[in-house]
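structure-v3.cif follows (mmCIF, C-alpha atoms, pLDDT in the B column; chains and numbers go by the auth columns):
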```cif
data_my_file
loop_
_atom_site.group_PDB
_atom_site.id
_atom_site.type_symbol
_atom_site.label_atom_id
_atom_site.label_comp_id
_atom_site.label_asym_id
_atom_site.label_seq_id
_atom_site.Cartn_x
_atom_site.Cartn_y
_atom_site.Cartn_z
_atom_site.B_iso_or_equiv
_atom_site.auth_seq_id
_atom_site.auth_asym_id
ATOM 1 C CA MET A 1 108.771 111.994 99.557 64.00 22 K
ATOM 2 C CA ASP A 2 111.876 113.833 100.627 81.00 23 K
ATOM 3 C CA THR A 3 112.098 117.620 100.760 82.00 24 K
ATOM 4 C CA GLN A 4 114.414 117.931 97.767 80.00 25 K
ATOM 5 C CA ALA A 5 112.130 115.892 95.502 74.00 26 K
ATOM 6 C CA LEU A 6 109.147 117.915 96.661 69.00 27 K
ATOM 7 C CA ALA A 7 110.986 121.167 95.929 72.00 28 K
ATOM 8 C CA LEU A 8 111.677 119.948 92.406 74.00 29 K
ATOM 9 C CA ALA A 9 108.129 118.658 91.827 72.00 30 K
ATOM 10 C CA LEU A 10 106.185 121.732 92.977 71.00 31 K
ATOM 11 C CA PRO A 11 107.212 124.027 90.096 72.00 32 K
ATOM 12 C CA LEU A 12 106.357 121.274 87.603 69.00 33 K
ATOM 13 C CA ILE A 13 102.939 120.768 89.189 71.00 34 K
ATOM 14 C CA GLY A 14 102.336 124.518 89.134 68.00 35 K
ATOM 15 C CA TRP A 15 103.392 124.750 85.501 65.00 36 K
ATOM 16 C CA ALA A 16 101.137 121.838 84.520 68.00 37 K
ATOM 17 C CA SER A 17 98.166 123.398 86.364 68.00 38 K
ATOM 18 C CA HIS A 18 98.760 126.774 84.751 55.00 39 K
ATOM 19 C CA THR A 19 99.012 125.190 81.292 63.00 40 K
ATOM 20 C CA ALA A 20 95.742 123.331 81.844 58.00 41 K
ATOM 21 C CA LEU A 21 94.032 126.552 82.931 51.00 42 K
ATOM 22 C CA LEU A 22 95.297 128.475 79.889 50.00 43 K
ATOM 23 C CA THR A 23 94.234 125.673 77.552 54.00 44 K
ATOM 24 C CA HIS A 24 90.748 125.709 79.083 49.00 45 K
ATOM 25 C CA ARG A 25 90.503 129.506 78.756 52.00 46 K
ATOM 26 C CA LEU A 26 91.582 129.381 75.115 50.00 47 K
ATOM 27 C CA ALA A 27 89.023 126.689 74.333 52.00 48 K
ATOM 28 C CA THR A 28 86.201 128.612 76.002 49.00 49 K
ATOM 29 C CA ALA A 29 87.242 131.840 74.280 61.00 50 K
ATOM 30 C CA ARG A 30 86.587 130.141 70.965 77.00 51 K
ATOM 31 C CA ARG A 31 83.007 129.212 71.958 91.00 52 K
ATOM 32 C CA ASP A 32 80.109 131.576 72.520 94.00 53 K
ATOM 33 C CA PRO A 33 78.858 130.992 76.081 94.00 54 K
ATOM 34 C CA LEU A 34 75.168 131.447 75.174 95.00 55 K
ATOM 35 C CA THR A 35 74.848 129.394 71.985 96.00 56 K
ATOM 36 C CA GLY A 36 77.888 127.127 72.122 95.00 57 K
ATOM 37 C CA LEU A 37 78.793 128.158 68.566 97.00 58 K
ATOM 38 C CA ARG A 38 82.312 129.119 67.621 96.00 59 K
ATOM 39 C CA THR A 39 83.181 132.766 68.195 95.00 60 K
ATOM 40 C CA ARG A 40 84.644 134.947 65.471 93.00 61 K
ATOM 41 C CA ALA A 41 88.201 133.790 66.276 92.00 62 K
ATOM 42 C CA GLY A 42 87.342 130.098 66.404 92.00 63 K
ATOM 43 C CA TRP A 43 85.185 130.190 63.293 96.00 64 K
ATOM 44 C CA THR A 44 87.610 132.298 61.247 95.00 65 K
ATOM 45 C CA ALA A 45 90.502 129.856 61.622 93.00 66 K
ATOM 46 C CA LEU A 46 88.364 126.964 60.368 95.00 67 K
ATOM 47 C CA ALA A 47 86.698 129.005 57.621 96.00 68 K
ATOM 48 C CA GLU A 48 90.042 130.102 56.175 96.00 69 K
ATOM 49 C CA ARG A 49 91.160 126.474 56.058 95.00 70 K
ATOM 50 C CA ILE A 50 87.944 125.469 54.254 95.00 71 K
ATOM 51 C CA ILE A 51 88.374 128.276 51.696 95.00 72 K
ATOM 52 C CA ARG A 52 91.900 127.063 50.927 93.00 73 K
ATOM 53 C CA ARG A 53 90.801 123.445 50.505 93.00 74 K
ATOM 54 C CA HIS A 54 87.351 123.749 48.898 93.00 75 K
ATOM 55 C CA ARG A 55 87.004 125.856 45.750 88.00 76 K
ATOM 56 C CA ASP A 56 83.221 125.507 45.842 92.00 77 K
ATOM 57 C CA ALA A 57 82.820 126.925 49.378 96.00 78 K
ATOM 58 C CA PHE A 58 80.049 129.374 50.257 96.00 79 K
ATOM 59 C CA VAL A 59 80.214 131.922 53.068 97.00 80 K
ATOM 60 C CA LEU A 60 76.931 132.961 54.666 97.00 81 K
ATOM 61 C CA LEU A 61 76.177 135.897 56.931 97.00 82 K
ATOM 62 C CA LEU A 62 72.909 135.817 58.873 97.00 83 K
ATOM 63 C CA ASP A 63 71.096 138.416 60.934 96.00 84 K
ATOM 64 C CA LEU A 64 67.867 138.122 62.896 96.00 85 K
ATOM 65 C CA ASP A 65 65.275 140.590 61.665 95.00 86 K
ATOM 66 C CA ASP A 66 63.687 142.954 64.209 93.00 87 K
ATOM 67 C CA PHE A 67 65.624 141.350 67.051 95.00 88 K
ATOM 68 C CA LYS A 68 65.499 144.534 69.142 95.00 89 K
ATOM 69 C CA ASN A 69 61.719 144.489 68.887 94.00 90 K
ATOM 70 C CA LEU A 70 61.641 140.833 70.015 93.00 91 K
ATOM 71 C CA ASN A 71 63.785 141.715 73.061 92.00 92 K
ATOM 72 C CA ASP A 72 61.717 144.817 73.854 93.00 93 K
ATOM 73 C CA SER A 73 58.377 143.022 73.459 92.00 94 K
ATOM 74 C CA HIS A 74 59.129 139.688 75.127 94.00 95 K
ATOM 75 C CA GLY A 75 62.221 140.333 77.279 94.00 96 K
ATOM 76 C CA HIS A 76 65.890 139.512 77.003 95.00 97 K
ATOM 77 C CA ALA A 77 65.425 135.924 78.179 96.00 98 K
ATOM 78 C CA ALA A 78 63.104 135.363 75.209 96.00 99 K
ATOM 79 C CA GLY A 79 65.672 137.003 72.911 96.00 100 K
ATOM 80 C CA ASP A 80 68.411 134.761 74.287 97.00 101 K
ATOM 81 C CA PHE A 81 66.186 131.741 73.728 97.00 102 K
ATOM 82 C CA ALA A 82 65.589 132.796 70.110 97.00 103 K
ATOM 83 C CA LEU A 83 69.369 133.098 69.632 97.00 104 K
ATOM 84 C CA VAL A 84 69.942 129.616 71.066 97.00 105 K
ATOM 85 C CA VAL A 85 67.231 128.073 68.866 97.00 106 K
ATOM 86 C CA THR A 86 68.611 129.865 65.803 97.00 107 K
ATOM 87 C CA ALA A 87 72.094 128.532 66.610 98.00 108 K
ATOM 88 C CA GLU A 88 70.716 124.994 66.948 97.00 109 K
ATOM 89 C CA ARG A 89 68.828 125.265 63.654 97.00 110 K
ATOM 90 C CA LEU A 90 71.860 126.668 61.848 97.00 111 K
ATOM 91 C CA THR A 91 74.123 123.959 63.264 97.00 112 K
ATOM 92 C CA ALA A 92 71.676 121.246 62.200 96.00 113 K
ATOM 93 C CA TRP A 93 71.465 122.734 58.711 95.00 114 K
ATOM 94 C CA CYS A 94 75.264 122.887 58.396 95.00 115 K
ATOM 95 C CA GLY A 95 75.574 119.265 59.442 92.00 116 K
ATOM 96 C CA ARG A 96 78.861 117.722 58.394 90.00 117 K
ATOM 97 C CA ASN A 97 79.254 119.988 55.342 90.00 118 K
ATOM 98 C CA GLY A 98 79.724 123.282 57.122 94.00 119 K
ATOM 99 C CA ILE A 99 80.556 125.195 60.259 96.00 120 K
ATOM 100 C CA ALA A 100 78.413 127.761 62.051 97.00 121 K
ATOM 101 C CA GLY A 101 79.545 130.598 64.295 97.00 122 K
ATOM 102 C CA ARG A 102 78.207 133.598 66.160 97.00 123 K
ATOM 103 C CA LEU A 103 79.810 136.936 65.477 94.00 124 K
ATOM 104 C CA GLY A 104 77.951 138.608 68.327 92.00 125 K
ATOM 105 C CA GLY A 105 74.565 140.093 69.058 94.00 126 K
ATOM 106 C CA ASP A 106 72.101 138.646 66.564 96.00 127 K
ATOM 107 C CA GLU A 107 74.682 138.006 63.820 96.00 128 K
ATOM 108 C CA PHE A 108 75.642 134.519 62.780 98.00 129 K
ATOM 109 C CA VAL A 109 78.001 133.191 60.153 98.00 130 K
ATOM 110 C CA ALA A 110 78.441 129.876 58.385 97.00 131 K
ATOM 111 C CA ILE A 111 80.620 128.318 55.753 97.00 132 K
ATOM 112 C CA ALA A 112 79.530 125.419 53.567 96.00 133 K
ATOM 113 C CA ARG A 113 82.044 123.282 51.693 94.00 134 K
ATOM 114 C CA GLN A 114 79.776 123.090 48.649 89.00 135 K
ATOM 115 C CA ALA A 115 76.706 124.801 47.200 90.00 136 K
ATOM 116 C CA PRO A 116 74.170 125.049 50.019 89.00 137 K
ATOM 117 C CA ASP A 117 70.431 124.564 49.817 92.00 138 K
ATOM 118 C CA LEU A 118 69.499 128.102 50.847 92.00 139 K
ATOM 119 C CA GLU A 119 65.789 127.401 50.525 93.00 140 K
ATOM 120 C CA SER A 120 65.975 124.715 53.224 94.00 141 K
ATOM 121 C CA LEU A 121 68.013 127.108 55.370 95.00 142 K
ATOM 122 C CA HIS A 122 65.303 129.782 55.066 93.00 143 K
ATOM 123 C CA ARG A 123 62.618 127.228 55.939 94.00 144 K
ATOM 124 C CA ALA A 124 64.586 126.025 58.974 94.00 145 K
ATOM 125 C CA LEU A 125 65.396 129.474 60.341 95.00 146 K
ATOM 126 C CA ASN A 126 62.200 131.389 59.608 95.00 147 K
ATOM 127 C CA GLN A 127 59.984 129.412 61.946 94.00 148 K
ATOM 128 C CA PRO A 128 58.352 130.763 65.108 95.00 149 K
ATOM 129 C CA VAL A 129 59.929 129.774 68.407 95.00 150 K
ATOM 130 C CA ALA A 130 57.791 128.496 71.291 95.00 151 K
ATOM 131 C CA TYR A 131 58.770 130.258 74.508 95.00 152 K
ATOM 132 C CA ALA A 132 56.864 130.523 77.804 93.00 153 K
ATOM 133 C CA GLY A 133 53.520 129.803 76.163 94.00 154 K
ATOM 134 C CA HIS A 134 54.091 132.285 73.331 92.00 155 K
ATOM 135 C CA ARG A 135 55.042 131.866 69.699 95.00 156 K
ATOM 136 C CA LEU A 136 57.907 134.240 69.066 94.00 157 K
ATOM 137 C CA PRO A 137 58.251 135.393 65.475 92.00 158 K
ATOM 138 C CA VAL A 138 61.733 134.632 64.162 93.00 159 K
ATOM 139 C CA SER A 139 62.903 135.844 60.798 93.00 160 K
ATOM 140 C CA VAL A 140 66.470 135.699 59.539 95.00 161 K
ATOM 141 C CA SER A 141 68.044 137.517 56.603 95.00 162 K
ATOM 142 C CA VAL A 142 70.785 135.575 54.847 95.00 163 K
ATOM 143 C CA GLY A 143 73.499 136.782 52.515 96.00 164 K
ATOM 144 C CA SER A 144 75.821 134.382 50.756 96.00 165 K
ATOM 145 C CA CYS A 145 78.977 134.494 48.701 97.00 166 K
ATOM 146 C CA HIS A 146 80.302 131.773 46.444 96.00 167 K
ATOM 147 C CA VAL A 147 84.025 132.056 47.112 95.00 168 K
ATOM 148 C CA GLN A 148 84.823 130.891 43.593 94.00 169 K
ATOM 149 C CA ASP A 149 83.166 134.072 42.208 95.00 170 K
ATOM 150 C CA LEU A 150 85.640 136.354 43.971 95.00 171 K
ATOM 151 C CA PRO A 151 88.673 137.726 42.119 93.00 172 K
ATOM 152 C CA VAL A 152 90.818 136.688 45.095 91.00 173 K
ATOM 153 C CA ARG A 153 89.598 133.888 47.336 90.00 174 K
ATOM 154 C CA SER A 154 89.754 135.491 50.774 94.00 175 K
ATOM 155 C CA LEU A 155 87.534 135.211 53.790 96.00 176 K
ATOM 156 C CA SER A 156 87.371 138.967 54.321 95.00 177 K
ATOM 157 C CA ASP A 157 86.174 139.561 50.752 96.00 178 K
ATOM 158 C CA ALA A 158 83.666 136.707 51.051 97.00 179 K
ATOM 159 C CA LEU A 159 82.278 138.165 54.286 97.00 180 K
ATOM 160 C CA ALA A 160 82.012 141.647 52.751 96.00 181 K
ATOM 161 C CA THR A 161 80.123 140.250 49.747 96.00 182 K
ATOM 162 C CA ALA A 162 77.845 138.127 51.965 96.00 183 K
ATOM 163 C CA ASP A 163 77.209 141.192 54.147 96.00 184 K
ATOM 164 C CA SER A 164 76.131 143.221 51.108 95.00 185 K
ATOM 165 C CA ALA A 165 73.885 140.401 49.960 95.00 186 K
ATOM 166 C CA MET A 166 72.366 140.093 53.433 94.00 187 K
ATOM 167 C CA TYR A 167 71.449 143.765 53.540 92.00 188 K
ATOM 168 C CA ALA A 168 70.060 143.533 50.024 92.00 189 K
ATOM 169 C CA ALA A 169 67.888 140.672 51.307 88.00 190 K
ATOM 170 C CA LYS A 170 66.733 142.868 54.182 86.00 191 K
ATOM 171 C CA GLY A 171 65.767 145.543 51.677 80.00 192 K
ATOM 172 C CA THR A 172 67.783 148.209 53.472 57.00 193 K
ATOM 173 C CA SER A 173 70.928 150.117 52.755 42.00 194 K
ATOM 174 C CA GLY A 174 72.630 148.598 55.790 43.00 195 K
ATOM 175 C CA ARG A 175 74.379 150.015 58.787 43.00 196 K
ATOM 176 C CA ARG A 176 77.110 151.871 56.955 38.00 197 K
ATOM 177 C CA GLY A 177 75.299 153.501 54.068 35.00 198 K
ATOM 178 C CA PRO A 178 74.278 152.184 50.644 32.00 199 K
ATOM 179 C CA ARG A 179 75.784 148.890 49.545 33.00 200 K
ATOM 180 C CA THR A 180 76.314 147.244 46.226 33.00 201 K
ATOM 181 C CA LEU A 181 76.938 143.610 45.492 37.00 202 K
ATOM 182 C CA ASN A 182 80.487 142.923 44.350 38.00 203 K
ATOM 183 C CA ARG A 183 79.903 139.981 42.061 37.00 204 K
#
```
Could you express the structure from this file as structure tokens?
Amino acid sequence: MDTQALALALPLIGWASHTALLTHRLATARRDPLTGLRTRAGWTALAERIIRRHRDAFVLLLDLDDFKNLNDSHGHAAGDFALVVTAERLTAWCGRNGIAGRLGGDEFVAIARQAPDLESLHRALNQPVAYAGHRLPVSVSVGSCHVQDLPVRSLSDALATADSAMYAAKGTSGRRGPRTLNR
């Protein structure tokens, strides 16, 4: 290869390498490194599309109960394992009719294209997890919102309603004071 051709090719090779690196970073930014679920950004884009296309969609917000106690009692590795198992169970439950994501910490989110079987979700998620010879208690509170019941079909309103329902399921007033269901 002559020097002139090489001089022309190097910037193109550099540009192609940089583009590949940025594409990889964007893809990994949309996946939670621990659970492999979509992050808030990755899940939100898909959830908004589902809300536009499926009038019967349901948004679910999930939170592990007493997760701090699990971490404190059994260690952070056990807590991480419980998060991974919960993500796997939620993904299996969603199947082809929904999408699961992890908002962070012990909070998960899902959207189902049609009315979900919440009883089977509770059965799947509220099972002990076997870890290092112990049975770790895992309990998950779930709040849901039927998007069709909202005055305006928006993901932010659906998440707020599901959040209120989740804290009602926990039997607490929530992190930010008393909550009421907006149905």
query: Given the choices K:Lys89, K:His75, K:His155, K:His143, which gets closest to K:Asp127 if the distance is worked out from all atoms listed in the file?
result: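 Closest to K:Asp127, using all atoms listed in the file: K:Lys89.
Note that the spacing between atom CA of K:Gly63 and atom CA of K:Leu139 amounts to 23.8 Å.
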- prompt: Looking at only C-alpha atoms, which of K:Val173, K:Leu111, K:Leu157, K:Ala186 is the one that sits closest to K:Ala99?
  reply: K:Leu157
message: For the provided coordinates, the residues matched by the PyMOL selection byres ((chain K and resi 136) around 12) should be stated as JSON, numbers by chain.
response: {"K": [75, 76, 77, 78, 79, 80, 81, 115, 118, 119, 132, 133, 134, 135, 137, 138, 139, 140, 165, 166, 167, 168, 169]}
So which residues touch K:Asn92 within 12 Å, counting all atoms listed in the file, skipping near sequence neighbours fewer than 2 positions away, as a PDB file with C-alpha atoms, in the frame of the given file?
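See around-v1.pdb below for the written result:
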```pdb
ATOM      1  CA  LEU K  85      67.867 138.122  62.896  1.00 96.00           C
ATOM      2  CA  ASP K  86      65.275 140.590  61.665  1.00 95.00           C
ATOM      3  CA  ASP K  87      63.687 142.954  64.209  1.00 93.00           C
ATOM      4  CA  PHE K  88      65.624 141.350  67.051  1.00 95.00           C
ATOM      5  CA  LYS K  89      65.499 144.534  69.142  1.00 95.00           C
ATOM      6  CA  ASN K  90      61.719 144.489  68.887  1.00 94.00           C
ATOM      7  CA  SER K  94      58.377 143.022  73.459  1.00 92.00           C
ATOM      8  CA  HIS K  95      59.129 139.688  75.127  1.00 94.00           C
ATOM      9  CA  GLY K  96      62.221 140.333  77.279  1.00 94.00           C
ATOM     10  CA  HIS K  97      65.890 139.512  77.003  1.00 95.00           C
ATOM     11  CA  ALA K  98      65.425 135.924  78.179  1.00 96.00           C
ATOM     12  CA  ALA K  99      63.104 135.363  75.209  1.00 96.00           C
ATOM     13  CA  GLY K 100      65.672 137.003  72.911  1.00 96.00           C
ATOM     14  CA  ASP K 101      68.411 134.761  74.287  1.00 97.00           C
ATOM     15  CA  PHE K 102      66.186 131.741  73.728  1.00 97.00           C
ATOM     16  CA  ALA K 103      65.589 132.796  70.110  1.00 97.00           C
ATOM     17  CA  LEU K 104      69.369 133.098  69.632  1.00 97.00           C
ATOM     18  CA  GLY K 126      74.565 140.093  69.058  1.00 94.00           C
ATOM     19  CA  ASP K 127      72.101 138.646  66.564  1.00 96.00           C
ATOM     20  CA  LEU K 157      57.907 134.240  69.066  1.00 94.00           C
ATOM     21  CA  PRO K 158      58.251 135.393  65.475  1.00 92.00           C
ATOM     22  CA  VAL K 159      61.733 134.632  64.162  1.00 93.00           C
TER      23      VAL K 159
END
```
field: Gap from atom CA of K:Phe129 to atom CA of K:Leu83 - Å, one decimal
entry: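 Computing it gives 4.9 Å between the two atoms.
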